[in-house]
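Participant: File follows, target08.cif with mmCIF, C-alpha atoms:
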```cif
data_entry
loop_
_atom_site.group_PDB
_atom_site.id
_atom_site.type_symbol
_atom_site.label_atom_id
_atom_site.label_comp_id
_atom_site.auth_asym_id
_atom_site.auth_seq_id
_atom_site.Cartn_x
_atom_site.Cartn_y
_atom_site.Cartn_z
ATOM 1 C CA ARG D 1 -28.964 -19.487 -49.750
ATOM 2 C CA MET D 2 -27.205 -16.842 -47.760
ATOM 3 C CA SER D 3 -28.052 -16.646 -44.088
ATOM 4 C CA ALA D 4 -27.360 -12.945 -43.532
ATOM 5 C CA ALA D 5 -29.707 -10.222 -44.736
ATOM 6 C CA LEU D 6 -28.342 -7.860 -47.376
ATOM 7 C CA PRO D 7 -28.920 -4.100 -47.387
ATOM 8 C CA SER D 8 -31.512 -3.439 -50.070
ATOM 9 C CA ASN D 9 -33.021 -0.023 -49.445
ATOM 10 C CA ALA D 10 -31.413 3.416 -49.828
ATOM 11 C CA GLU D 11 -32.482 4.737 -46.463
ATOM 12 C CA THR D 12 -30.761 8.112 -46.552
ATOM 13 C CA LYS D 13 -28.766 10.307 -48.883
ATOM 14 C CA LEU D 14 -25.829 12.320 -47.564
ATOM 15 C CA THR D 15 -25.380 15.504 -49.581
ATOM 16 C CA GLY D 16 -22.986 18.388 -49.111
ATOM 17 C CA HIS D 17 -19.963 17.625 -51.257
ATOM 18 C CA GLN D 18 -19.627 19.929 -54.247
ATOM 19 C CA GLY D 19 -18.845 17.464 -57.016
ATOM 20 C CA PRO D 20 -17.760 13.803 -57.105
ATOM 21 C CA VAL D 21 -17.398 11.923 -53.811
ATOM 22 C CA LEU D 22 -14.288 9.802 -54.321
ATOM 23 C CA VAL D 23 -13.992 7.941 -51.018
ATOM 24 C CA VAL D 24 -16.206 6.884 -48.111
ATOM 25 C CA ARG D 25 -15.072 4.969 -44.998
ATOM 26 C CA PHE D 26 -16.764 3.835 -41.794
ATOM 27 C CA ASN D 27 -15.007 4.487 -38.508
ATOM 28 C CA GLY D 28 -14.086 1.488 -36.346
ATOM 29 C CA ASP D 29 -17.485 0.807 -34.783
ATOM 30 C CA GLY D 30 -19.544 1.863 -37.788
ATOM 31 C CA ASN D 31 -21.337 4.688 -35.963
ATOM 32 C CA TYR D 32 -19.782 7.410 -38.119
ATOM 33 C CA CYS D 33 -18.271 7.726 -41.556
ATOM 34 C CA LEU D 34 -15.808 9.997 -43.332
ATOM 35 C CA SER D 35 -15.959 11.013 -46.975
ATOM 36 C CA GLY D 36 -13.638 12.889 -49.299
ATOM 37 C CA GLY D 37 -14.091 14.381 -52.701
ATOM 38 C CA GLN D 38 -13.115 16.482 -55.637
ATOM 39 C CA ASP D 39 -14.139 19.562 -53.635
ATOM 40 C CA ARG D 40 -10.972 19.028 -51.502
ATOM 41 C CA SER D 41 -12.935 18.574 -48.282
ATOM 42 C CA VAL D 42 -13.254 15.685 -45.850
ATOM 43 C CA ARG D 43 -16.620 15.348 -44.117
ATOM 44 C CA LEU D 44 -17.616 13.480 -40.965
ATOM 45 C CA TRP D 45 -21.199 12.178 -40.903
ATOM 46 C CA ASN D 46 -23.527 10.228 -38.725
ATOM 47 C CA PRO D 47 -24.931 8.169 -41.615
ATOM 48 C CA HIS D 48 -27.621 6.560 -39.441
ATOM 49 C CA ARG D 49 -29.131 9.964 -38.619
ATOM 50 C CA SER D 50 -28.053 11.470 -41.935
ATOM 51 C CA ASN D 51 -26.407 14.489 -40.388
ATOM 52 C CA LEU D 52 -23.132 16.223 -41.194
ATOM 53 C CA VAL D 53 -21.032 16.487 -38.032
ATOM 54 C CA LYS D 54 -17.902 18.289 -39.226
ATOM 55 C CA THR D 55 -16.045 19.452 -42.329
ATOM 56 C CA TYR D 56 -12.253 19.335 -42.566
ATOM 57 C CA ARG D 57 -10.529 21.714 -44.962
ATOM 58 C CA GLY D 58 -6.831 21.876 -45.767
ATOM 59 C CA HIS D 59 -6.259 19.852 -48.911
ATOM 60 C CA GLY D 60 -5.457 21.863 -52.019
ATOM 61 C CA TYR D 61 -6.517 19.117 -54.409
ATOM 62 C CA GLU D 62 -9.012 16.251 -54.533
ATOM 63 C CA VAL D 63 -9.126 13.767 -51.642
ATOM 64 C CA LEU D 64 -8.613 10.197 -52.873
ATOM 65 C CA ASP D 65 -8.447 8.096 -49.707
ATOM 66 C CA ILE D 66 -9.090 8.225 -45.959
ATOM 67 C CA ALA D 67 -8.025 5.925 -43.130
ATOM 68 C CA VAL D 68 -9.244 6.121 -39.530
ATOM 69 C CA THR D 69 -7.186 5.030 -36.520
ATOM 70 C CA HIS D 70 -8.550 2.107 -34.549
ATOM 71 C CA ASP D 71 -9.227 4.343 -31.520
ATOM 72 C CA ASN D 72 -11.272 6.654 -33.829
ATOM 73 C CA GLU D 73 -9.397 9.729 -32.583
ATOM 74 C CA ARG D 74 -7.397 10.554 -35.698
ATOM 75 C CA PHE D 75 -7.633 10.016 -39.421
ATOM 76 C CA ALA D 76 -5.321 10.324 -42.391
ATOM 77 C CA SER D 77 -6.282 11.649 -45.808
ATOM 78 C CA CYS D 78 -4.411 11.813 -49.083
ATOM 79 C CA GLY D 79 -4.860 12.848 -52.670
ATOM 80 C CA GLY D 80 -3.733 15.182 -55.391
ATOM 81 C CA ASP D 81 -1.466 17.382 -53.311
ATOM 82 C CA LYS D 82 1.222 14.691 -52.825
ATOM 83 C CA ALA D 83 0.952 15.025 -49.058
ATOM 84 C CA ILE D 84 -0.726 12.899 -46.401
ATOM 85 C CA PHE D 85 -2.631 14.889 -43.785
ATOM 86 C CA LEU D 86 -3.049 13.515 -40.257
ATOM 87 C CA TRP D 87 -6.059 15.064 -38.488
ATOM 88 C CA ASP D 88 -7.497 15.205 -34.996
ATOM 89 C CA VAL D 89 -11.127 14.094 -35.415
ATOM 90 C CA ALA D 90 -12.574 16.141 -32.528
ATOM 91 C CA THR D 91 -10.780 19.475 -33.026
ATOM 92 C CA GLY D 92 -10.391 19.305 -36.784
ATOM 93 C CA ARG D 93 -6.744 20.290 -36.385
ATOM 94 C CA ILE D 94 -4.103 19.055 -38.832
ATOM 95 C CA ILE D 95 -1.590 17.227 -36.616
ATOM 96 C CA ARG D 96 0.973 16.547 -39.349
ATOM 97 C CA ARG D 97 1.545 16.927 -43.067
ATOM 98 C CA LEU D 98 3.682 14.111 -44.402
ATOM 99 C CA ARG D 99 5.571 14.951 -47.595
ATOM 100 C CA GLY D 100 7.763 12.760 -49.741
ATOM 101 C CA HIS D 101 5.618 11.388 -52.546
ATOM 102 C CA ALA D 102 6.484 12.862 -55.941
ATOM 103 C CA SER D 103 2.943 12.690 -57.295
ATOM 104 C CA ARG D 104 -0.632 12.071 -56.228
ATOM 105 C CA VAL D 105 -1.161 9.697 -53.302
ATOM 106 C CA ASN D 106 -3.781 7.052 -54.065
ATOM 107 C CA CYS D 107 -4.164 5.262 -50.743
ATOM 108 C CA VAL D 108 -3.489 5.397 -46.992
ATOM 109 C CA ARG D 109 -3.799 2.722 -44.296
ATOM 110 C CA PHE D 110 -2.865 2.420 -40.623
ATOM 111 C CA SER D 111 -1.144 -0.633 -39.174
ATOM 112 C CA PRO D 112 -3.313 -2.634 -36.731
ATOM 113 C CA ASP D 113 -1.738 -0.891 -33.708
ATOM 114 C CA ASP D 114 -1.863 2.571 -35.367
ATOM 115 C CA SER D 115 1.911 2.989 -34.950
ATOM 116 C CA LEU D 116 2.551 3.024 -38.697
ATOM 117 C CA LEU D 117 0.854 4.910 -41.484
ATOM 118 C CA LEU D 118 1.290 3.492 -44.971
ATOM 119 C CA SER D 119 0.809 5.441 -48.168
ATOM 120 C CA ALA D 120 1.222 4.623 -51.837
ATOM 121 C CA GLY D 121 0.636 6.327 -55.112
ATOM 122 C CA TYR D 122 1.308 7.374 -58.634
ATOM 123 C CA ASP D 123 5.066 7.764 -58.029
ATOM 124 C CA GLN D 124 5.339 3.944 -57.870
ATOM 125 C CA THR D 125 6.338 3.887 -54.188
ATOM 126 C CA LEU D 126 4.901 2.666 -50.898
ATOM 127 C CA ARG D 127 5.997 4.724 -47.882
ATOM 128 C CA CYS D 128 5.927 3.787 -44.187
ATOM 129 C CA TRP D 129 5.599 6.646 -41.688
ATOM 130 C CA ASP D 130 6.180 6.395 -37.942
ATOM 131 C CA CYS D 131 3.123 7.918 -36.257
ATOM 132 C CA ARG D 132 4.912 8.073 -32.903
ATOM 133 C CA SER D 133 7.844 10.187 -34.051
ATOM 134 C CA ASN D 134 7.891 13.765 -35.280
ATOM 135 C CA SER D 135 10.209 12.977 -38.169
ATOM 136 C CA GLN D 136 9.203 14.564 -41.459
ATOM 137 C CA ASP D 137 10.662 11.662 -43.434
ATOM 138 C CA ALA D 138 9.261 8.222 -44.163
ATOM 139 C CA MET D 139 10.869 5.414 -42.148
ATOM 140 C CA GLN D 140 10.969 3.259 -45.236
ATOM 141 C CA VAL D 141 10.339 3.641 -48.957
ATOM 142 C CA LEU D 142 9.442 0.510 -50.929
ATOM 143 C CA ASP D 143 9.977 0.998 -54.652
ATOM 144 C CA ASP D 144 9.571 -2.445 -56.210
ATOM 145 C CA PHE D 145 6.646 -1.246 -58.322
ATOM 146 C CA LYS D 146 6.644 -0.747 -62.084
ATOM 147 C CA ASP D 147 3.533 1.454 -62.219
ATOM 148 C CA SER D 148 1.091 3.376 -60.030
ATOM 149 C CA VAL D 149 0.184 1.699 -56.716
ATOM 150 C CA SER D 150 -3.607 1.751 -56.556
ATOM 151 C CA SER D 151 -4.498 0.199 -53.230
ATOM 152 C CA LEU D 152 -3.248 -1.126 -49.912
ATOM 153 C CA ALA D 153 -4.454 -3.592 -47.311
ATOM 154 C CA VAL D 154 -2.786 -4.306 -43.975
ATOM 155 C CA VAL D 155 -3.201 -7.332 -41.745
ATOM 156 C CA GLN D 156 -1.046 -8.210 -38.724
ATOM 157 C CA ASN D 157 2.553 -7.995 -40.008
ATOM 158 C CA GLU D 158 1.689 -7.950 -43.669
ATOM 159 C CA ILE D 159 1.240 -5.104 -46.146
ATOM 160 C CA ILE D 160 -0.533 -6.041 -49.378
ATOM 161 C CA ALA D 161 -0.268 -3.675 -52.331
ATOM 162 C CA GLY D 162 -2.200 -3.703 -55.601
ATOM 163 C CA CYS D 163 -0.499 -2.151 -58.599
ATOM 164 C CA ILE D 164 -1.371 -1.119 -62.144
ATOM 165 C CA ASP D 165 1.607 -3.263 -63.250
ATOM 166 C CA GLY D 166 -0.622 -6.324 -62.777
ATOM 167 C CA ARG D 167 0.966 -7.586 -59.583
ATOM 168 C CA ILE D 168 -0.060 -8.064 -55.985
ATOM 169 C CA ARG D 169 2.884 -7.644 -53.615
ATOM 170 C CA ARG D 170 2.903 -8.879 -50.042
ATOM 171 C CA TYR D 171 5.477 -7.471 -47.647
ATOM 172 C CA ASP D 172 6.112 -9.253 -44.367
ATOM 173 C CA ILE D 173 7.191 -6.371 -42.133
ATOM 174 C CA ARG D 174 8.860 -8.532 -39.473
ATOM 175 C CA ALA D 175 10.617 -10.973 -41.769
ATOM 176 C CA GLY D 176 11.503 -8.283 -44.291
ATOM 177 C CA THR D 177 10.359 -10.457 -47.184
ATOM 178 C CA LEU D 178 8.468 -9.682 -50.383
ATOM 179 C CA THR D 179 6.162 -12.097 -52.204
ATOM 180 C CA THR D 180 4.985 -11.081 -55.680
ATOM 181 C CA ASP D 181 1.967 -12.632 -57.393
ATOM 182 C CA THR D 182 1.259 -11.780 -61.023
ATOM 183 C CA ILE D 183 -2.380 -11.602 -62.030
ATOM 184 C CA ALA D 184 -1.563 -10.178 -65.482
ATOM 185 C CA ARG D 185 -4.174 -7.427 -65.309
ATOM 186 C CA PRO D 186 -3.894 -3.952 -63.819
ATOM 187 C CA VAL D 187 -5.060 -4.059 -60.192
ATOM 188 C CA THR D 188 -7.182 -0.951 -59.674
ATOM 189 C CA TRP D 189 -8.507 -1.963 -56.249
ATOM 190 C CA LEU D 190 -7.742 -4.589 -53.643
ATOM 191 C CA ALA D 191 -9.426 -5.545 -50.355
ATOM 192 C CA LEU D 192 -9.118 -8.344 -47.825
ATOM 193 C CA SER D 193 -11.805 -10.722 -46.651
ATOM 194 C CA ASN D 194 -12.703 -10.256 -42.986
ATOM 195 C CA ASP D 195 -10.961 -13.510 -42.075
ATOM 196 C CA ALA D 196 -7.878 -12.166 -43.945
ATOM 197 C CA ASN D 197 -7.466 -15.405 -45.924
ATOM 198 C CA CYS D 198 -8.540 -14.017 -49.297
ATOM 199 C CA ILE D 199 -7.734 -11.018 -51.475
ATOM 200 C CA LEU D 200 -10.506 -9.392 -53.508
ATOM 201 C CA CYS D 201 -9.190 -7.666 -56.578
ATOM 202 C CA SER D 202 -10.794 -5.340 -59.170
ATOM 203 C CA SER D 203 -9.529 -4.777 -62.704
ATOM 204 C CA LEU D 204 -10.627 -2.727 -65.709
ATOM 205 C CA ASP D 205 -12.010 -5.784 -67.516
ATOM 206 C CA SER D 206 -15.260 -5.440 -65.518
ATOM 207 C CA THR D 207 -14.275 -8.371 -63.329
ATOM 208 C CA VAL D 208 -13.743 -8.761 -59.592
ATOM 209 C CA ARG D 209 -11.553 -11.727 -58.639
ATOM 210 C CA LEU D 210 -11.048 -13.582 -55.382
ATOM 211 C CA PHE D 211 -7.598 -15.021 -54.678
ATOM 212 C CA ASP D 212 -6.247 -17.187 -51.898
ATOM 213 C CA LYS D 213 -3.832 -14.913 -50.016
ATOM 214 C CA GLN D 214 -1.186 -17.567 -49.394
ATOM 215 C CA ASP D 215 -0.730 -19.080 -52.855
ATOM 216 C CA ALA D 216 -2.564 -16.531 -55.073
ATOM 217 C CA GLN D 217 -4.809 -19.255 -56.455
ATOM 218 C CA LEU D 218 -7.850 -17.837 -58.260
ATOM 219 C CA LEU D 219 -10.894 -18.929 -56.263
ATOM 220 C CA SER D 220 -13.727 -17.132 -58.018
ATOM 221 C CA GLU D 221 -14.679 -14.418 -60.526
ATOM 222 C CA TYR D 222 -17.575 -11.969 -60.296
ATOM 223 C CA VAL D 223 -19.027 -10.254 -63.383
ATOM 224 C CA GLY D 224 -22.088 -8.224 -64.351
ATOM 225 C CA HIS D 225 -20.987 -4.738 -63.343
ATOM 226 C CA VAL D 226 -19.240 -2.165 -65.562
ATOM 227 C CA ASN D 227 -15.637 -1.233 -64.714
ATOM 228 C CA LYS D 228 -13.527 -0.178 -67.703
ATOM 229 C CA GLU D 229 -12.167 3.290 -66.938
ATOM 230 C CA TYR D 230 -12.273 4.220 -63.259
ATOM 231 C CA LYS D 231 -11.172 2.898 -59.912
ATOM 232 C CA VAL D 232 -14.319 1.221 -58.605
ATOM 233 C CA GLU D 233 -14.159 -0.352 -55.159
ATOM 234 C CA ALA D 234 -15.354 -3.793 -54.112
ATOM 235 C CA CYS D 235 -15.562 -5.427 -50.692
ATOM 236 C CA LEU D 236 -17.003 -8.365 -48.812
ATOM 237 C CA THR D 237 -20.017 -8.107 -46.541
ATOM 238 C CA ASN D 238 -19.268 -8.246 -42.820
ATOM 239 C CA THR D 239 -20.060 -11.987 -42.769
ATOM 240 C CA ASP D 240 -17.858 -12.764 -45.827
ATOM 241 C CA GLU D 241 -20.904 -14.359 -47.487
ATOM 242 C CA ALA D 242 -21.234 -11.928 -50.363
ATOM 243 C CA VAL D 243 -19.054 -9.749 -52.582
ATOM 244 C CA VAL D 244 -20.184 -6.174 -53.328
ATOM 245 C CA SER D 245 -18.926 -3.808 -56.019
ATOM 246 C CA GLY D 246 -19.792 -0.416 -57.369
ATOM 247 C CA SER D 247 -20.256 0.034 -61.097
ATOM 248 C CA GLU D 248 -19.696 2.744 -63.674
ATOM 249 C CA ASP D 249 -23.414 2.653 -64.592
ATOM 250 C CA GLY D 250 -24.384 3.810 -61.080
ATOM 251 C CA ASN D 251 -25.426 0.384 -59.803
ATOM 252 C CA LEU D 252 -24.190 -1.769 -56.921
ATOM 253 C CA LEU D 253 -23.966 -5.523 -57.367
ATOM 254 C CA PHE D 254 -23.931 -8.288 -54.764
ATOM 255 C CA TRP D 255 -22.648 -11.765 -55.598
ATOM 256 C CA ASN D 256 -22.769 -14.988 -53.650
ATOM 257 C CA LEU D 257 -19.131 -15.445 -52.590
ATOM 258 C CA VAL D 258 -19.075 -19.173 -53.350
ATOM 259 C CA THR D 259 -21.224 -19.546 -56.460
ATOM 260 C CA GLY D 260 -20.380 -16.198 -58.066
ATOM 261 C CA GLU D 261 -24.015 -15.549 -59.006
ATOM 262 C CA VAL D 262 -25.505 -12.054 -58.770
ATOM 263 C CA VAL D 263 -27.913 -12.089 -55.829
ATOM 264 C CA GLN D 264 -28.876 -8.405 -55.822
ATOM 265 C CA THR D 265 -28.530 -5.235 -57.894
ATOM 266 C CA LEU D 266 -29.131 -1.858 -56.267
ATOM 267 C CA LYS D 267 -29.957 1.218 -58.333
ATOM 268 C CA GLY D 268 -29.785 4.689 -56.846
ATOM 269 C CA HIS D 269 -26.835 6.678 -58.156
ATOM 270 C CA LYS D 270 -26.734 8.761 -61.331
ATOM 271 C CA GLY D 271 -23.043 8.243 -62.051
ATOM 272 C CA VAL D 272 -20.011 6.056 -61.394
ATOM 273 C CA VAL D 273 -20.019 4.495 -57.918
ATOM 274 C CA CYS D 274 -16.364 5.041 -56.941
ATOM 275 C CA SER D 275 -16.191 3.989 -53.329
ATOM 276 C CA ILE D 276 -18.087 1.698 -50.965
ATOM 277 C CA ALA D 277 -17.863 0.801 -47.291
ATOM 278 C CA TYR D 278 -19.537 -2.053 -45.443
ATOM 279 C CA HIS D 279 -20.538 -1.750 -41.794
ATOM 280 C CA PRO D 280 -18.324 -3.885 -39.495
ATOM 281 C CA SER D 281 -21.233 -5.658 -37.804
ATOM 282 C CA GLN D 282 -24.549 -4.832 -39.496
ATOM 283 C CA PRO D 283 -26.083 -5.219 -42.963
ATOM 284 C CA CYS D 284 -25.412 -1.606 -43.915
ATOM 285 C CA LEU D 285 -23.546 -0.311 -46.955
ATOM 286 C CA LEU D 286 -22.317 3.150 -47.903
ATOM 287 C CA SER D 287 -21.822 4.068 -51.552
ATOM 288 C CA ALA D 288 -20.151 7.226 -52.862
ATOM 289 C CA SER D 289 -20.561 8.480 -56.409
ATOM 290 C CA VAL D 290 -19.474 11.109 -58.897
ATOM 291 C CA ASP D 291 -23.106 12.302 -58.648
ATOM 292 C CA ALA D 292 -21.980 14.168 -55.451
ATOM 293 C CA SER D 293 -23.972 11.949 -53.082
ATOM 294 C CA ILE D 294 -23.425 9.159 -50.581
ATOM 295 C CA LEU D 295 -26.229 6.635 -50.143
ATOM 296 C CA VAL D 296 -26.794 4.717 -46.929
ATOM 297 C CA TRP D 297 -28.239 1.269 -47.725
ATOM 298 C CA LYS D 298 -29.917 -0.873 -45.055
#
```
Show me this structure written as C-alpha cells.
Facilitator:
Amino acid sequence: RMSAALPSNAETKLTGHQGPVLVVRFNGDGNYCLSGGQDRSVRLWNPHRSNLVKTYRGHGYEVLDIAVTHDNERFASCGGDKAIFLWDVATGRIIRRLRGHASRVNCVRFSPDDSLLLSAGYDQTLRCWDCRSNSQDAMQVLDDFKDSVSSLAVVQNEIIAGCIDGRIRRYDIRAGTLTTDTIARPVTWLALSNDANCILCSSLDSTVRLFDKQDAQLLSEYVGHVNKEYKVEACLTNTDEAVVSGSEDGNLLFWNLVTGEVVQTLKGHKGVVCSIAYHPSQPCLLSASVDASILVWK
C-alpha cells in the first residue's frame, strides 16, 4: 500500500485557452501555475482558486514549454517561433528574446541557481544561455544529437536530455563530460524522480520506463495508457511513491512505483492529455489537454 493520498477528484477546470493546452507547470511553491498553448499565449493562474491572474502575449506560434525561475520572478517560454522568450512575471514584460535555434524549440529549463537557461529542439541542438549577461548568443551549443531533442531535466551540475534518436544523454557541466545511454526507442519525454536518482522516460510504444540515472539500468515499466503519436508527459508524485502519466484517450493513470500496477485511473478530459504537473508538496495534479482545458485534481 502507498502511504500518501493520491489526487482523485477534478476540483476545478481552468478555461480560457483557445485550442489545445500544450504545457502546464507549477511555480516553485505550487501556489500558481503557468500554461501555454496553440493559441500562442501563456497564462498565469491561481489553480486553487481557479482564477486567471495574467495573460502573456508575444509568441507568434504555439507555446510548447515553460520554465519558471526558482525565485518565481521570471519565466521562460519556447515553441514554434524558434525563439526563447524570457518574461517578467509581475509586469508581463518580455525581458529578452533568445534566438539561435533553427527550428521549433521543444523544451526550456533553468539551472538550479537560475544563472543558466537551457533550451533544446527540433534542430538537434541543446543551447546554454547566460541569464546574467546581455549577450544575444548562446554560451554553448551541444550538437551530439541525431534527431529532435524532446525533453530536458537539470539537477545540480548535470543536464539530462531525451532525444528521438533513442538515447538519453547526460552532460556534466563542471567536468565537461558526456555519458550516452541507448534505450533503443524514441524518447518523447523525460523527467527526474524527486530524489534525482532515477529517470522516468516516455516512448511511443505506450510505455513509461524508469531507469537508474547512474548506470541506465531498467528498473520498471508502466503500461495501460495510450501513447503512440503525441508527446505525453509523465512524472512522479511529490513523494516518489507513484508514477503518473497522461494518455491519448484523455485519461490519467497512476502506477505504484515499485510494483508497476495501476492504482488509479482518472477520467475527465475529452482529448489527448499532453502535459501534467505535480504539486511540490501536496497531493495535487494539473493536467492540460488538447480539449482546451486544464484540470486541477485534488
Participant: From the set D:Ala196, D:Ile66, D:Val105, D:Leu22, which residue has the shortest atom-to-atom contact distance to Ala83 (chain D), counting all atoms listed in the file?
Facilitator: D:Val105
Participant: Which polymer residues, whether protein, DNA or RNA, lie within 12 Å of the coordinate (-11.9, 18.1, -33.5) when you count all atoms listed in the file? List them as a list in words, using the chain letters and numbers from the file.
Facilitator: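 Counting all atoms listed in the file, I find these residues within 12 Å of (-11.9, 18.1, -33.5): Arg43, Leu44, Val53, Lys54, Thr55, Tyr56, Asn72, Glu73, Arg74, Phe75, Trp87, Asp88, Val89, Ala90, Thr91, Gly92, Arg93, Ile94 and Ile95 of chain D.
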Participant: Store the residues picked out above in a file with C-alpha atoms, as an mmCIF file, in the coordinates of the input.
Facilitator:
```cif
data_model
loop_
_atom_site.group_PDB
_atom_site.id
_atom_site.type_symbol
_atom_site.label_atom_id
_atom_site.label_comp_id
_atom_site.auth_asym_id
_atom_site.auth_seq_id
_atom_site.Cartn_x
_atom_site.Cartn_y
_atom_site.Cartn_z
ATOM 1 C CA ARG D 43 -16.620 15.348 -44.117
ATOM 2 C CA LEU D 44 -17.616 13.480 -40.965
ATOM 3 C CA VAL D 53 -21.032 16.487 -38.032
ATOM 4 C CA LYS D 54 -17.902 18.289 -39.226
ATOM 5 C CA THR D 55 -16.045 19.452 -42.329
ATOM 6 C CA TYR D 56 -12.253 19.335 -42.566
ATOM 7 C CA ASN D 72 -11.272 6.654 -33.829
ATOM 8 C CA GLU D 73 -9.397 9.729 -32.583
ATOM 9 C CA ARG D 74 -7.397 10.554 -35.698
ATOM 10 C CA PHE D 75 -7.633 10.016 -39.421
ATOM 11 C CA TRP D 87 -6.059 15.064 -38.488
ATOM 12 C CA ASP D 88 -7.497 15.205 -34.996
ATOM 13 C CA VAL D 89 -11.127 14.094 -35.415
ATOM 14 C CA ALA D 90 -12.574 16.141 -32.528
ATOM 15 C CA THR D 91 -10.780 19.475 -33.026
ATOM 16 C CA GLY D 92 -10.391 19.305 -36.784
ATOM 17 C CA ARG D 93 -6.744 20.290 -36.385
ATOM 18 C CA ILE D 94 -4.103 19.055 -38.832
ATOM 19 C CA ILE D 95 -1.590 17.227 -36.616
#
```
Participant: Find the spatial neighbours of region 272-288 of chain D, counting all atoms listed in the file, within a cut-off of 7 Å - ignore same-chain residues fewer than 4 positions away - and output them as a ChimeraX atom specification.
Facilitator: /D:5-7,21-26,29-30,231-234,237-238,246-250,293-298
Participant: Can you turn the PyMOL selection byres ((chain D and resi 123) around 10) into a concrete residue list for this file, as a list in words?
Facilitator: Lys82, His101, Ala102, Ser103, Arg104, Val105, Asn106, Ala120, Gly121, Tyr122, Gln124, Thr125, Leu126, Asp143, Phe145, Lys146, Asp147, Ser148 and Val149 of chain D
Participant: Name the residues that the PyMOL selection byres ((chain D and resi 16) around 8) pulls out of this structure, and write them as a list of chain:residue names.
Facilitator: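 When the PyMOL selection byres ((chain D and resi 16) around 8) is applied to the shown file, the picked residues are D:Leu14, D:Thr15, D:His17, D:Gln18, D:Ala292, D:Ser293.
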Participant: Which value, in Å to one decimal, gives the distance between CA of His225 (chain D) and CA of Leu204 (chain D)?
Facilitator: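 According to the coordinates, CA of His225 (chain D) and CA of Leu204 (chain D) are separated by 10.8 Å.
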Participant: Care to translate the PyMOL selection byres ((chain D and resi 165-175) around 12) into actual residues of this file, as JSON, numbers by chain?
Facilitator: {"D": [111, 116, 118, 122, 124, 126, 128, 140, 142, 143, 144, 145, 146, 147, 148, 149, 150, 151, 152, 153, 154, 155, 156, 157, 158, 159, 160, 161, 162, 163, 164, 176, 177, 178, 179, 180, 181, 182, 183, 184, 185, 186, 187, 188, 189, 190, 191, 199, 200, 201, 202, 203, 204, 211, 212, 213, 214, 215, 216]}
